[in-house]
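Enquirer: This is the structure I want to talk about, given as structure tokens.
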Amino acid sequence: MKSTKTVFLIILTAFVSSGIKAQMIQVYSPDKKIVVQVDNEEKLSYQVSFDGNRVVEPSLLGFEFIDEPAMDGNFDIVTHDYQTINETWKPVVKSKHDKVLNHCNELRLRLKEKSGLRRLMDITFRAYNDGVSFRYKLYRSGTIGNRKISKELTTFNIPHDPDAWLVDYGGYSSPQESEFFKQKLSTLTDTSKAGLPLLMEYKKDCWVAITEANIDNYSGFYIGTSGNPNQLITKLAPLPKEPESGTKVVFDDEIESPWRVLMIGKNPGILIESEIVQNLNESSKISDPSWIVPGISAWDNWWSGDVKMEMPVIKKYIDFASEMGWKYMLVDWQWYGKFNTPEADIMKAAPQIDMEEVIRYARSKNVRILLWLYSKDVNRNSAYKQAFPLYHQWGIAGVKIDFMDRDDQQMVRWYRDIIKCAADNQLLVDFHGAYKPDGIIRTFPNMITREGVMGNEFYKFSNKMNSSHNVKLAYTRMLAGQMDYTPGGFLNVTDRQYKNQIPTVVSNTRAAELSKFVIYESPLTVVCDHPDNIRNQPGADFLKLVPTVWDDTRFVSGHPDNYIALARRNKEIWFLGVMNNSKRKTVELKLDFLEAGMYEMEIWEDTKKSDLVPTELRKRTVTIKNGKLLKIDLAINGGYVSTIKRIGEN
């Protein structure tokens with residue numbers, strides 16, 4: 001890692017001998033296009049500008065507490081520190097890039113109340129070229145015992161009324177699996193519980209998304225309003241059994257909030273390419289991460305049909321993973337018998353399952369096993385503390401833990417406990433029924449993926465899934481990080497043919513299904529469909545060669561309402577994925593991410609028949625020159641993938 005720290009310009013408009021009483025403090029991004037201004041008059045506030053235009057109007061900062069006054073103003077600035085952070089680090093798991101630049105200007109303020117309890121509060125702001133972040137630090141009070149946060153006063157006063165892509169969960173307990181709908185930001189109300197990321201288009205050359213990073217010993221963050229249009233307020237998930245107005249966070253020592261993040265760019269692709277969320281997390285705490293191996297997994301699941309939990313079925317899926325060259329096979333629920341019962345024992349396989357033989361057989365096929373677990377069974381009597389060392393002894397590669405459906409402070413701490421214990425026992429973690437990622441994969445790269453997305457499983461039991469939703473996911477949910485969408489549905493049908501059934505069908509073309517493997521970010525990618533539906537079918541060859549980690553990621557073209565075209569590089573090979581919505585179209589793409597030279601493209605694409613026969617797929621090979629304008633015909637609910645290999649000079 002290379003890191004340099006230098007002092008940068010900060011503007012302080014007034015000083016007094018007892019400290020600094022600043023009416024206005026400004027910190028700029030390295031390229032000077034983003035400006036954060038902090039005002040410390042009666043109320044503490046901040047505002048953000050991009051390219052000379054305000055993207056956040058003056059907005060409040062601070063906290064309300066149980067049994068003590070609010071902290072929202074009347075401060076002296078006791079100290080201020082400012083520095084430039086300019087470091088390059090290499091992620092253990094390359095979700096987007098093999099090297100990540102962490103370059104920002106940082107301002108740290110220590111604030112102390114002028115009167116009353118004279119409590120301290122620190123705020124740190126960071127201005128990046130692709131966004132802004134800030135976090136609080138609170139301290140012990142004069143009274144011995146817990147302090148209780150009832151409300152975080154952070155607001156985002158958004159100018160005008162931009163288009164926004166919103167997901168409203170309606171409450172604080174959910175698996176965070178819902179649709180993002182486009183609507184005016186002003187449609188949010190004081191009852192809204194809008195999840196993150198929240199994407200806004202201010203105008204054609206200004207995009208902003210709100211999310212959070214590095215959630216640790218704190219509560220998850222939702223958005224609503226206080227009655228003023230477009231004045232977004234922070235809503236923290238309450239502790240269990242607490243009312244919405246009650247306690248959100250309890251602490252008796254110093255505590256830092258998660259980073260509040262504003263991703264900012266001239267186009268939505270800058271947000272997709274951004275590494276700001278991971279940059280706001282600590283470096284890896286795993287000293288030897290050689291056992292953390294990304295890859296694709298087969299899955300003997302309920303999704304693809306009436307799959308029984310028995311040895312011949314498990315071996316069939318192991319064989320399939322081996323044939324495809326995949327690293328993993330996920331053994332799903334009921335492997336330890338009845339789950340979510342007091343008698344459930346996650347250290348003992350069901351009578352019909354010989355786990356020793358499963359692991360031996362998988363090893364003989366060069367496949368490793370992942371195990372599904374119900375969260376309450378994991379937590380009951382701290383079972384995971386005995387089970388995880390046992391799994392490591394067995395040779396299990398990782399665990400998929402399901403049905404948490406919360407992100408209050410207690411649950412956030414539980415996630416950390418599970419991830420750390422798994423890391424100590426060299427186990428990967430895939431959370432389902434999970435809250436959004438926050439960049440923890442940098443610190444604990446065994447936290448390799450998670451759900452928190454309305455993915456392919458919904459095709460089995462819901463009518464909500466559609467190609468427009470799938471396109472929007474790349475611009476919304478994926479901004480937070482890895483998502484276990486479980487792609488790979490090969491029984492492709494039209495919208496008219498679609499219905500909930502067994503076996504499950506998917507209402508997009510085969511080419512669109514392949515594009516999910518390139519576009520969606522998930523270093524552990526779990527394939528949903530039955531081996532018989534994929535084996536020897538058009539497009540199965542692509543699933544044998546597509547990687548799950550990337551040395552570079554480039555947004556090529558698109559819009560949340562239209563399509564997404566994304567290029568990702570693994571070593572010397574580029575993979576291009578394009579996903580369409582429900583309207584047939586032809587798109588023209590500039591391949592300006594390619595260096596000078598000649599390239600061979602192997603292409604899997606829609607045909608003229610794919611509108612009516614979505615399984616129809618054409619494969620061809622062409623030679624192109626860099627800089628060539630690529631024309632792609634996309635079917636209704638269609639897609640496209642290709643590999644691009646350099647073969648010589650121009």
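Residue numbering restarts at 1 in every chain; chains get A, B, ... in the order shown in the structure tokens, and ligands count up from 1 in that same order.
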Out of stretch 134-190 of chain A, which residues get strand (DSSP E) from DSSP, as a count of residues only?
Expert: 22
Enquirer: Which neighbours of stretch 416-419 of chain A fall inside 10 Å, counting only C-alpha atoms, when residues of the same chain fewer than 5 positions from it are skipped, and could you give them as a VMD selection string?
Expert: chain A and resid 215 to 217 378 to 379 384 to 385 388 401 411 424 to 425 427 to 431 440 444 to 447
Enquirer: Go ahead and save the picked residues with N, CA and C atoms, as a short mmCIF file (atom, residue, chain, number, x, y, z; two decimals), in the first residue's frame.
Expert:
```
data_model
loop_
_atom_site.label_atom_id
_atom_site.label_comp_id
_atom_site.auth_asym_id
_atom_site.auth_seq_id
_atom_site.Cartn_x
_atom_site.Cartn_y
_atom_site.Cartn_z
N ILE A 215 -20.92 0.06 8.89
CA ILE A 215 -21.92 0.00 9.96
C ILE A 215 -21.40 -0.94 11.04
N ASP A 216 -21.13 -0.41 12.21
CA ASP A 216 -20.54 -1.21 13.28
C ASP A 216 -21.09 -0.72 14.62
N ASN A 217 -21.76 -1.62 15.36
CA ASN A 217 -22.33 -1.27 16.66
C ASN A 217 -23.25 -0.06 16.56
N VAL A 378 -28.47 -20.85 14.38
CA VAL A 378 -27.07 -20.45 14.55
C VAL A 378 -26.88 -19.76 15.89
N ASN A 379 -27.84 -18.94 16.27
CA ASN A 379 -27.70 -18.11 17.47
C ASN A 379 -28.05 -18.85 18.76
N TYR A 384 -23.08 -21.36 16.95
CA TYR A 384 -22.06 -21.13 15.94
C TYR A 384 -20.65 -21.22 16.51
N LYS A 385 -20.49 -20.93 17.79
CA LYS A 385 -19.15 -20.95 18.39
C LYS A 385 -18.58 -22.37 18.45
N PHE A 388 -18.80 -23.63 13.97
CA PHE A 388 -17.84 -23.14 12.98
C PHE A 388 -16.48 -23.86 13.06
N ILE A 401 -26.27 -18.02 5.75
CA ILE A 401 -27.14 -17.86 6.92
C ILE A 401 -28.34 -17.00 6.51
N MET A 411 -28.66 -6.50 15.85
CA MET A 411 -28.43 -7.36 14.70
C MET A 411 -27.11 -7.00 14.01
N ASP A 424 -12.21 -16.60 11.78
CA ASP A 424 -11.30 -17.35 12.64
C ASP A 424 -11.25 -18.83 12.26
N ASN A 425 -12.32 -19.30 11.61
CA ASN A 425 -12.41 -20.71 11.23
C ASN A 425 -12.38 -20.91 9.71
N LEU A 427 -14.04 -19.68 7.13
CA LEU A 427 -15.33 -19.92 6.48
C LEU A 427 -15.78 -18.66 5.76
N LEU A 428 -16.22 -18.84 4.51
CA LEU A 428 -16.89 -17.76 3.79
C LEU A 428 -18.28 -17.55 4.38
N VAL A 429 -18.82 -16.34 4.21
CA VAL A 429 -20.17 -16.03 4.70
C VAL A 429 -20.99 -15.42 3.57
N ASP A 430 -22.21 -15.94 3.42
CA ASP A 430 -23.21 -15.40 2.49
C ASP A 430 -24.48 -15.21 3.31
N PHE A 431 -24.83 -13.95 3.59
CA PHE A 431 -26.04 -13.67 4.36
C PHE A 431 -27.24 -13.53 3.42
N ILE A 440 -17.92 -3.87 4.16
CA ILE A 440 -17.18 -4.68 5.13
C ILE A 440 -16.32 -5.73 4.45
N PHE A 444 -13.27 -7.61 6.25
CA PHE A 444 -13.43 -9.06 6.40
C PHE A 444 -13.83 -9.63 5.04
N PRO A 445 -12.85 -9.93 4.19
CA PRO A 445 -13.17 -10.38 2.83
C PRO A 445 -13.84 -11.75 2.78
N ASN A 446 -13.92 -12.45 3.91
CA ASN A 446 -14.72 -13.68 3.93
C ASN A 446 -16.21 -13.38 3.86
N MET A 447 -16.62 -12.12 4.17
CA MET A 447 -18.01 -11.70 3.98
C MET A 447 -18.20 -11.42 2.49
#
```
Enquirer: Find the residues near A:Pro268: any atom within 8 Å, counting only C-alpha atoms, skip ones fewer than 2 places away on the same chain, and give them as a list of chain:residue names.
Expert: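 In the requested format, the answer is A:Trp207, A:Gly265, A:Lys266, A:Ile270, A:Leu271, A:Ile272, A:Tyr475, A:His559.
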Enquirer: Show which residues sit within 10 Å of A:Ile353, as a PDB file with C-alpha atoms, in the first residue's frame. Count only C-alpha atoms, and ignore same-chain residues fewer than 4 positions away.
Expert:
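For reference, result_23.pdb as written:
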```pdb
ATOM      1  CA  MET A 309     -32.585 -33.489   0.555  1.00  0.00           C
ATOM      2  CA  GLU A 310     -30.926 -36.851  -0.055  1.00  0.00           C
ATOM      3  CA  MET A 311     -27.514 -38.161  -1.017  1.00  0.00           C
ATOM      4  CA  PRO A 312     -28.140 -38.912  -4.737  1.00  0.00           C
ATOM      5  CA  ILE A 314     -26.468 -33.781  -3.493  1.00  0.00           C
ATOM      6  CA  GLN A 334     -33.033 -29.441   5.775  1.00  0.00           C
ATOM      7  CA  TRP A 335     -29.534 -30.912   5.614  1.00  0.00           C
ATOM      8  CA  TYR A 336     -29.660 -30.942   9.431  1.00  0.00           C
ATOM      9  CA  GLY A 337     -33.354 -31.851   9.513  1.00  0.00           C
ATOM     10  CA  LYS A 348     -25.445 -32.974  13.120  1.00  0.00           C
ATOM     11  CA  ALA A 349     -26.647 -33.967   9.655  1.00  0.00           C
ATOM     12  CA  GLU A 357     -19.279 -38.820   2.407  1.00  0.00           C
ATOM     13  CA  VAL A 358     -20.626 -35.591   0.908  1.00  0.00           C
TER      14      VAL A 358
END
```
Enquirer: Quick one: distance from atom CA of A:His97 to atom CA of A:Val526 in Å, one decimal?
Expert: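 One can read the atom CA of A:His97 to atom CA of A:Val526 distance as 21.1 Å.
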Enquirer: Measuring between only C-alpha atoms, which one of A:Met454, A:Val471, A:Ile396, A:Leu545 shows the shortest distance to A:Val578?
Expert: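 Among the listed residues, the smallest separation from A:Val578 belongs to A:Val471.
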Enquirer: Would you compute the distance between atom CA of A:Ile644 and atom CA of A:Arg618? Give it in Å to one decimal.
Expert: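 Computing it gives 16.7 Å between the two atoms.
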Enquirer: So what do you get for atom CA of A:Gln278 versus atom CA of A:Leu60, distance-wise?
Expert: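 Result for atom CA of A:Gln278 versus atom CA of A:Leu60: 25.8 Å, one decimal.
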Enquirer: Compile the contact shell of A:Lys33 as a ChimeraX atom specification: residues with an atom at most 7 Å away, counting only C-alpha atoms, same-chain residues fewer than 2 positions apart removed.
Expert: /A:29,31,35,50-51
Enquirer: Hey, what's within 7 Å of A:Ala512 if we count only C-alpha atoms and toss same-chain stuff fewer than 5 positions away? As a list in words, please?
Expert: Met579, Gly638, Gly639 and Tyr640 of chain A
Enquirer: Which residues are near stretch 402-409 of chain A? Cut-off 6 Å, only C-alpha atoms, ignore same chain within fewer than 5 positions. Put them as a list of chain:residue names.
Expert: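 Once the adjacent positions are removed, what remains is A:Ser173, A:Ser174, A:Pro175, A:Asn217, A:Tyr218, A:Ser219, A:Gly220, A:Ala237, A:Pro238, A:Leu239, A:Tyr374, A:Ser375, A:His432, A:Gly433, A:Ala434.
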Enquirer: Tell me which of A:Asp345, A:Glu201, A:Asp168, A:Asp300 sits closest to A:Thr189, counting only C-alpha atoms.
Expert: A:Asp168
